[in-house]
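Peer 1: Handing you this structure, nothing more for now.
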Amino acid sequence: MDKLKDSDIRLLLKRKFTSFAEFTLDSTTIVVDELDVCFGSARVDVAVINGRLHGFEIKSESDNLDRLPSQIEFYSRVFERSL
(Lines give C-alpha, C1' and ligand atoms only; values in the text may rest on other atoms or scores of the structure.)
Protein backbone atom coordinates (compact mmCIF):
# COMPACT_ATOMS: atom_id res chain seq x y z
CA MET A 1 0.00 0.00 0.00
CA ASP A 2 1.27 3.48 -0.89
CA LYS A 3 2.16 5.90 1.88
CA LEU A 4 -0.09 8.89 2.40
CA LYS A 5 1.53 12.04 1.06
CA ASP A 6 1.22 15.63 2.20
CA SER A 7 -0.82 16.46 -0.91
CA ASP A 8 -3.32 13.66 -0.16
CA ILE A 9 -3.85 14.84 3.41
CA ARG A 10 -4.03 18.49 2.36
CA LEU A 11 -6.82 17.69 -0.12
CA LEU A 12 -8.81 15.78 2.51
CA LEU A 13 -8.30 18.56 5.04
CA LYS A 14 -9.59 21.21 2.67
CA ARG A 15 -12.61 19.06 1.83
CA LYS A 16 -13.30 18.74 5.56
CA PHE A 17 -13.37 22.54 5.88
CA THR A 18 -16.60 22.56 3.88
CA SER A 19 -18.33 20.83 6.81
CA PHE A 20 -17.31 23.52 9.33
CA ALA A 21 -19.97 26.22 9.53
CA GLU A 22 -17.40 28.52 11.12
CA PHE A 23 -15.48 28.51 7.83
CA THR A 24 -18.23 28.20 5.24
CA LEU A 25 -20.73 30.70 6.66
CA ASP A 26 -18.15 33.48 6.88
CA SER A 27 -17.60 35.06 3.48
CA THR A 28 -14.33 36.61 4.69
CA THR A 29 -12.67 33.21 5.21
CA ILE A 30 -9.31 32.84 3.49
CA VAL A 31 -7.35 29.59 3.22
CA VAL A 32 -3.59 30.01 2.79
CA ASP A 33 -1.14 27.23 1.95
CA GLU A 34 2.40 27.37 3.34
CA LEU A 35 2.14 30.48 5.53
CA ASP A 36 5.39 31.69 7.10
CA VAL A 37 5.07 32.63 10.77
CA CYS A 38 7.38 34.38 13.23
CA PHE A 39 9.38 36.07 10.48
CA GLY A 40 10.00 32.79 8.65
CA SER A 41 11.03 30.78 11.71
CA ALA A 42 8.33 28.24 10.86
CA ARG A 43 5.82 27.56 8.12
CA VAL A 44 2.34 26.20 8.75
CA ASP A 45 0.95 23.92 6.05
CA VAL A 46 -2.54 25.42 5.94
CA ALA A 47 -3.87 28.53 7.67
CA VAL A 48 -7.51 29.54 7.81
CA ILE A 49 -8.13 33.21 8.48
CA ASN A 50 -11.60 34.54 9.26
CA GLY A 51 -11.40 36.85 12.23
CA ARG A 52 -9.53 34.07 14.00
CA LEU A 53 -6.31 32.36 13.02
CA HIS A 54 -6.35 28.58 12.65
CA GLY A 55 -3.17 26.69 11.77
CA PHE A 56 -2.97 23.13 10.46
CA GLU A 57 0.32 21.24 10.35
CA ILE A 58 0.28 18.14 8.17
CA LYS A 59 2.49 15.21 9.07
CA SER A 60 2.44 12.43 6.50
CA GLU A 61 3.91 8.97 6.85
CA SER A 62 7.11 10.12 5.17
CA ASP A 63 7.69 13.06 7.57
CA ASN A 64 9.87 12.91 10.63
CA LEU A 65 8.90 14.71 13.80
CA ASP A 66 12.22 16.41 14.60
CA ARG A 67 10.92 19.95 13.98
CA LEU A 68 7.54 19.45 15.63
CA PRO A 69 8.49 20.84 19.09
CA SER A 70 9.77 24.10 17.60
CA GLN A 71 6.79 24.29 15.22
CA ILE A 72 4.41 23.97 18.16
CA GLU A 73 6.26 26.77 19.96
CA PHE A 74 6.04 29.16 16.99
CA TYR A 75 2.45 28.24 16.15
CA SER A 76 1.33 28.87 19.73
CA ARG A 77 2.62 32.43 19.40
CA VAL A 78 0.52 33.13 16.31
CA PHE A 79 -2.55 30.94 16.03
CA GLU A 80 -5.59 30.96 18.28
CA ARG A 81 -6.07 27.33 17.34
CA SER A 82 -3.57 24.93 15.83
CA LEU A 83 -4.10 21.31 14.91
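Quick note on naming: the chains in the C-alpha coordinates go A, B, ... in the order shown, residues restart at 1 in each chain, and ligands are numbered from 1 in order of appearance.
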From a DSSP pass on the backbone, collect the residues of chain A flagged as strand (DSSP E or B) and hand them back as a PDB file with N, CA, C and O atoms, in the first residue's frame.
Peer 2:
```
ATOM      1  N   ILE A  30     -10.407  33.022   4.445  1.00  0.00           N
ATOM      2  CA  ILE A  30      -9.314  32.843   3.487  1.00  0.00           C
ATOM      3  C   ILE A  30      -8.518  31.618   3.917  1.00  0.00           C
ATOM      4  O   ILE A  30      -8.208  31.462   5.103  1.00  0.00           O
ATOM      5  N   VAL A  31      -8.195  30.760   2.964  1.00  0.00           N
ATOM      6  CA  VAL A  31      -7.351  29.592   3.220  1.00  0.00           C
ATOM      7  C   VAL A  31      -6.016  29.841   2.533  1.00  0.00           C
ATOM      8  O   VAL A  31      -5.972  30.146   1.345  1.00  0.00           O
ATOM      9  N   VAL A  32      -4.933  29.725   3.303  1.00  0.00           N
ATOM     10  CA  VAL A  32      -3.589  30.006   2.786  1.00  0.00           C
ATOM     11  C   VAL A  32      -2.727  28.757   2.962  1.00  0.00           C
ATOM     12  O   VAL A  32      -2.638  28.208   4.060  1.00  0.00           O
ATOM     13  N   ASP A  33      -2.099  28.334   1.886  1.00  0.00           N
ATOM     14  CA  ASP A  33      -1.138  27.229   1.954  1.00  0.00           C
ATOM     15  C   ASP A  33       0.240  27.783   2.263  1.00  0.00           C
ATOM     16  O   ASP A  33       0.629  28.831   1.739  1.00  0.00           O
ATOM     17  N   GLU A  34       0.980  27.056   3.089  1.00  0.00           N
ATOM     18  CA  GLU A  34       2.398  27.366   3.345  1.00  0.00           C
ATOM     19  C   GLU A  34       2.606  28.798   3.825  1.00  0.00           C
ATOM     20  O   GLU A  34       3.305  29.592   3.207  1.00  0.00           O
ATOM     21  N   LEU A  35       2.029  29.135   4.968  1.00  0.00           N
ATOM     22  CA  LEU A  35       2.135  30.482   5.528  1.00  0.00           C
ATOM     23  C   LEU A  35       3.319  30.558   6.488  1.00  0.00           C
ATOM     24  O   LEU A  35       3.393  29.803   7.462  1.00  0.00           O
ATOM     25  N   ASP A  36       4.264  31.457   6.196  1.00  0.00           N
ATOM     26  CA  ASP A  36       5.390  31.688   7.104  1.00  0.00           C
ATOM     27  C   ASP A  36       4.891  32.396   8.348  1.00  0.00           C
ATOM     28  O   ASP A  36       4.064  33.311   8.264  1.00  0.00           O
ATOM     29  N   VAL A  37       5.401  31.987   9.503  1.00  0.00           N
ATOM     30  CA  VAL A  37       5.067  32.631  10.770  1.00  0.00           C
ATOM     31  C   VAL A  37       6.352  32.985  11.509  1.00  0.00           C
ATOM     32  O   VAL A  37       7.410  32.405  11.260  1.00  0.00           O
ATOM     33  N   ALA A  42       9.089  29.467  11.098  1.00  0.00           N
ATOM     34  CA  ALA A  42       8.325  28.237  10.861  1.00  0.00           C
ATOM     35  C   ALA A  42       7.340  28.518   9.739  1.00  0.00           C
ATOM     36  O   ALA A  42       7.067  29.666   9.398  1.00  0.00           O
ATOM     37  N   ARG A  43       6.807  27.444   9.188  1.00  0.00           N
ATOM     38  CA  ARG A  43       5.816  27.559   8.124  1.00  0.00           C
ATOM     39  C   ARG A  43       4.707  26.563   8.418  1.00  0.00           C
ATOM     40  O   ARG A  43       4.954  25.370   8.526  1.00  0.00           O
ATOM     41  N   VAL A  44       3.482  27.069   8.513  1.00  0.00           N
ATOM     42  CA  VAL A  44       2.339  26.196   8.746  1.00  0.00           C
ATOM     43  C   VAL A  44       1.823  25.724   7.386  1.00  0.00           C
ATOM     44  O   VAL A  44       1.859  26.468   6.408  1.00  0.00           O
ATOM     45  N   ASP A  45       1.390  24.481   7.318  1.00  0.00           N
ATOM     46  CA  ASP A  45       0.953  23.917   6.046  1.00  0.00           C
ATOM     47  C   ASP A  45      -0.304  24.585   5.506  1.00  0.00           C
ATOM     48  O   ASP A  45      -0.376  24.924   4.329  1.00  0.00           O
ATOM     49  N   VAL A  46      -1.295  24.769   6.367  1.00  0.00           N
ATOM     50  CA  VAL A  46      -2.543  25.417   5.942  1.00  0.00           C
ATOM     51  C   VAL A  46      -2.988  26.345   7.068  1.00  0.00           C
ATOM     52  O   VAL A  46      -3.038  25.934   8.235  1.00  0.00           O
ATOM     53  N   ALA A  47      -3.307  27.577   6.709  1.00  0.00           N
ATOM     54  CA  ALA A  47      -3.868  28.531   7.665  1.00  0.00           C
ATOM     55  C   ALA A  47      -5.251  28.926   7.182  1.00  0.00           C
ATOM     56  O   ALA A  47      -5.472  29.091   5.982  1.00  0.00           O
ATOM     57  N   VAL A  48      -6.173  29.045   8.126  1.00  0.00           N
ATOM     58  CA  VAL A  48      -7.508  29.542   7.806  1.00  0.00           C
ATOM     59  C   VAL A  48      -7.687  30.827   8.607  1.00  0.00           C
ATOM     60  O   VAL A  48      -7.499  30.854   9.820  1.00  0.00           O
ATOM     61  N   ILE A  49      -8.014  31.886   7.893  1.00  0.00           N
ATOM     62  CA  ILE A  49      -8.132  33.209   8.482  1.00  0.00           C
ATOM     63  C   ILE A  49      -9.550  33.699   8.265  1.00  0.00           C
ATOM     64  O   ILE A  49     -10.024  33.749   7.125  1.00  0.00           O
ATOM     65  N   LEU A  53      -7.382  33.028  13.750  1.00  0.00           N
ATOM     66  CA  LEU A  53      -6.311  32.356  13.021  1.00  0.00           C
ATOM     67  C   LEU A  53      -6.265  30.891  13.423  1.00  0.00           C
ATOM     68  O   LEU A  53      -6.112  30.572  14.595  1.00  0.00           O
ATOM     69  N   HIS A  54      -6.417  30.021  12.439  1.00  0.00           N
ATOM     70  CA  HIS A  54      -6.349  28.577  12.648  1.00  0.00           C
ATOM     71  C   HIS A  54      -5.167  28.053  11.850  1.00  0.00           C
ATOM     72  O   HIS A  54      -5.028  28.370  10.670  1.00  0.00           O
ATOM     73  N   GLY A  55      -4.318  27.258  12.464  1.00  0.00           N
ATOM     74  CA  GLY A  55      -3.174  26.694  11.772  1.00  0.00           C
ATOM     75  C   GLY A  55      -3.238  25.178  11.754  1.00  0.00           C
ATOM     76  O   GLY A  55      -3.553  24.553  12.769  1.00  0.00           O
ATOM     77  N   PHE A  56      -2.933  24.581  10.619  1.00  0.00           N
ATOM     78  CA  PHE A  56      -2.969  23.130  10.456  1.00  0.00           C
ATOM     79  C   PHE A  56      -1.609  22.653   9.958  1.00  0.00           C
ATOM     80  O   PHE A  56      -1.162  23.061   8.882  1.00  0.00           O
ATOM     81  N   ARG A  81      -5.786  28.762  17.332  1.00  0.00           N
ATOM     82  CA  ARG A  81      -6.065  27.329  17.335  1.00  0.00           C
ATOM     83  C   ARG A  81      -5.135  26.673  16.330  1.00  0.00           C
ATOM     84  O   ARG A  81      -5.028  27.115  15.194  1.00  0.00           O
ATOM     85  N   SER A  82      -4.414  25.657  16.772  1.00  0.00           N
ATOM     86  CA  SER A  82      -3.566  24.928  15.827  1.00  0.00           C
ATOM     87  C   SER A  82      -3.775  23.443  16.023  1.00  0.00           C
ATOM     88  O   SER A  82      -3.912  22.943  17.128  1.00  0.00           O
TER      89      SER A  82
END
```
Peer 1: Got a sec to tell me which of chain A DSSP assigns to helix (DSSP H, G or I), as a list in words?
Peer 2: Asp6, Ser7, Asp8, Ile9, Arg10, Leu11, Leu12, Leu13, Lys14, Arg15, Lys16, Phe17, Ala21, Glu22, Phe23, Thr24, Leu68, Pro69, Ser70, Gln71, Ile72, Glu73, Phe74, Tyr75, Ser76, Arg77 and Val78 of chain A
Peer 1: What's around Ile9 of chain A at 9 Å? Count only C-alpha atoms, leave out sequence neighbours fewer than 5 positions away in its own chain, and write the answer as a JSON list (two decimals) with all heavy atoms, in the first residue's frame.
Peer 2:
```json
[["chain", "number", "residue", "atom", "x", "y", "z"],
["A", 4, "LEU", "N", 0.63, 7.63, 2.57],
["A", 4, "LEU", "CA", -0.09, 8.89, 2.40],
["A", 4, "LEU", "C", 0.91, 10.02, 2.24],
["A", 4, "LEU", "O", 1.90, 10.09, 2.96],
["A", 4, "LEU", "CB", -0.96, 9.17, 3.62],
["A", 4, "LEU", "CG", -2.33, 8.55, 3.66],
["A", 4, "LEU", "CD1", -3.00, 8.84, 4.98],
["A", 4, "LEU", "CD2", -3.19, 9.05, 2.52],
["A", 14, "LYS", "N", -8.83, 20.12, 3.28],
["A", 14, "LYS", "CA", -9.59, 21.21, 2.67],
["A", 14, "LYS", "C", -11.03, 20.80, 2.38],
["A", 14, "LYS", "O", -11.95, 21.60, 2.51],
["A", 14, "LYS", "CB", -8.89, 21.70, 1.41],
["A", 14, "LYS", "CG", -7.63, 22.48, 1.72],
["A", 14, "LYS", "CD", -6.98, 22.97, 0.47],
["A", 14, "LYS", "CE", -5.78, 23.83, 0.78],
["A", 14, "LYS", "NZ", -5.14, 24.34, -0.44],
["A", 58, "ILE", "N", 0.49, 19.48, 8.73],
["A", 58, "ILE", "CA", 0.28, 18.14, 8.17],
["A", 58, "ILE", "C", 1.55, 17.31, 8.38],
["A", 58, "ILE", "O", 2.64, 17.77, 8.04],
["A", 58, "ILE", "CB", -0.05, 18.23, 6.67],
["A", 58, "ILE", "CG1", -1.36, 18.99, 6.47],
["A", 58, "ILE", "CG2", -0.11, 16.84, 6.05],
["A", 58, "ILE", "CD1", -1.65, 19.36, 5.03],
["A", 59, "LYS", "N", 1.38, 16.16, 8.93],
["A", 59, "LYS", "CA", 2.49, 15.21, 9.07],
["A", 59, "LYS", "C", 2.07, 13.92, 8.36],
["A", 59, "LYS", "O", 1.16, 13.23, 8.80],
["A", 59, "LYS", "CB", 2.80, 14.92, 10.54],
["A", 59, "LYS", "CG", 3.32, 16.12, 11.30],
["A", 59, "LYS", "CD", 4.65, 16.58, 10.75],
["A", 59, "LYS", "CE", 5.22, 17.73, 11.56],
["A", 59, "LYS", "NZ", 6.29, 18.41, 10.86],
["A", 60, "SER", "N", 2.74, 13.65, 7.25],
["A", 60, "SER", "CA", 2.44, 12.43, 6.50],
["A", 60, "SER", "C", 3.33, 11.30, 6.99],
["A", 60, "SER", "O", 4.21, 11.50, 7.84],
["A", 60, "SER", "CB", 2.66, 12.66, 5.00],
["A", 60, "SER", "OG", 4.03, 12.83, 4.73]]
```
Peer 1: Grab the atom CA of Asn50 of chain A to atom CA of Arg15 of chain A distance for me, in Å with one decimal place.
Peer 2: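 One can read the atom CA of Asn50 of chain A to atom CA of Arg15 of chain A distance as 17.2 Å.
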Peer 1: Name the closest residue to Phe79 of chain A among the candidates A:Met1, A:Leu65, A:Leu25, A:Cys38; distances are taken between atoms, counting only C-alpha atoms.
Peer 2: A:Cys38
Peer 1: Give me, please, the distance in Å between atom CA of Gly51 of chain A and atom CA of Asp26 of chain A, quoted to one decimal.
Peer 2: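 It comes out at 9.2 Å.
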Peer 1: Find, counting only C-alpha atoms, the residue in A:Glu57, A:Gly40, A:Glu80, A:Ser62 that gets nearest to Arg10 of chain A.
Peer 2: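 Ranked by minimum distance to Arg10 of chain A, first place goes to A:Glu57.
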Peer 1: What does the distance between atom CA of Thr18 of chain A and atom CA of Arg52 of chain A come to in Å, to one decimal place?
Peer 2: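 These atoms are spaced 16.9 Å apart.
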